[in-house]
Amino acid sequence: MNKKSMIVVVVLLAGITGWLLHHTSDKEVIKRTFSSIAVALGKEAEESPIQLVLKMMPVKDFIAPACEVIVPESNYHEVLYPDLVIRYLIIYRSRQANLQVAIDKILVDIPGKGSAEVSILVHISANRNQPDFFDEVYQVKFSLQKDKKKWRLHQATLPDALVHGH
């Protein structure tokens with residue numbers, strides 16, 4: 001191999017290695033997880049029970065065995081189990097003809113090994129082409145812990161309007 005070819009190979013390998021390290025970094029894994037959760041929470045039309053179960057499985061797997069939920073405006077503070085969180089989400093989704101959840105902005109801070117703080121600006125619109133249409137943006141905060149190489153949601157701080165609104 002000539003010198004130019006060797007330089008090209010080394011630069012290419014360095015680029016691939018850099019991309020892999022970035023792609024598998026904790027921050028990027030957390031961002032991708034929240035993005036996929038947002039998609040799973042969306043709903044285009046009525047769903048069969050099987051469709052609903054398949055969409056909620058990754059959400060349930062992301063929630064820690066005990067997840068603290070805080071709603072500061074209403075002084076709500078409770079530890080909820082994944083089944084109860086999923087039940088709430090199913091009820092919330094069932095009240096909407098359609099639902100779109102998108103992340104407008106996400107900030108991930110990893111203050112120590114195995115813990116992360118996430119702040120998300122979440123954009124929710126529902127009931128498109130319906131009289132009860134809404135399109136709102138909320139700031140939500142989450143604390144995650146890494147357990148057995150997997151990030152899990154341990155705490156959610158939600159605005160009252162998101163929990164008790166629509």
# chains A, B, ... in the order shown; residues from 1 in each chain; ligands from 1
$ residues_around --residues "Ala156 (chain A)" --least-positions-apart "4" --cutoff "6 Å" --atoms "only C-alpha atoms" --output "list in words"
Val69, Lys141 and Phe142 of chain A
$ residues_around --residues "region 45-62 of chain A" --least-positions-apart "3" --cutoff "12 Å" --atoms "only C-alpha atoms" --output "count of residues only"
49
$ atom_distance --atom1 "CA of Val122 (chain A)" --atom2 "CA of Asp104 (chain A)"
5.8 Å
$ atom_distance --atom1 "CA of Ser119 (chain A)" --atom2 "CA of Tyr92 (chain A)"
21.9 Å
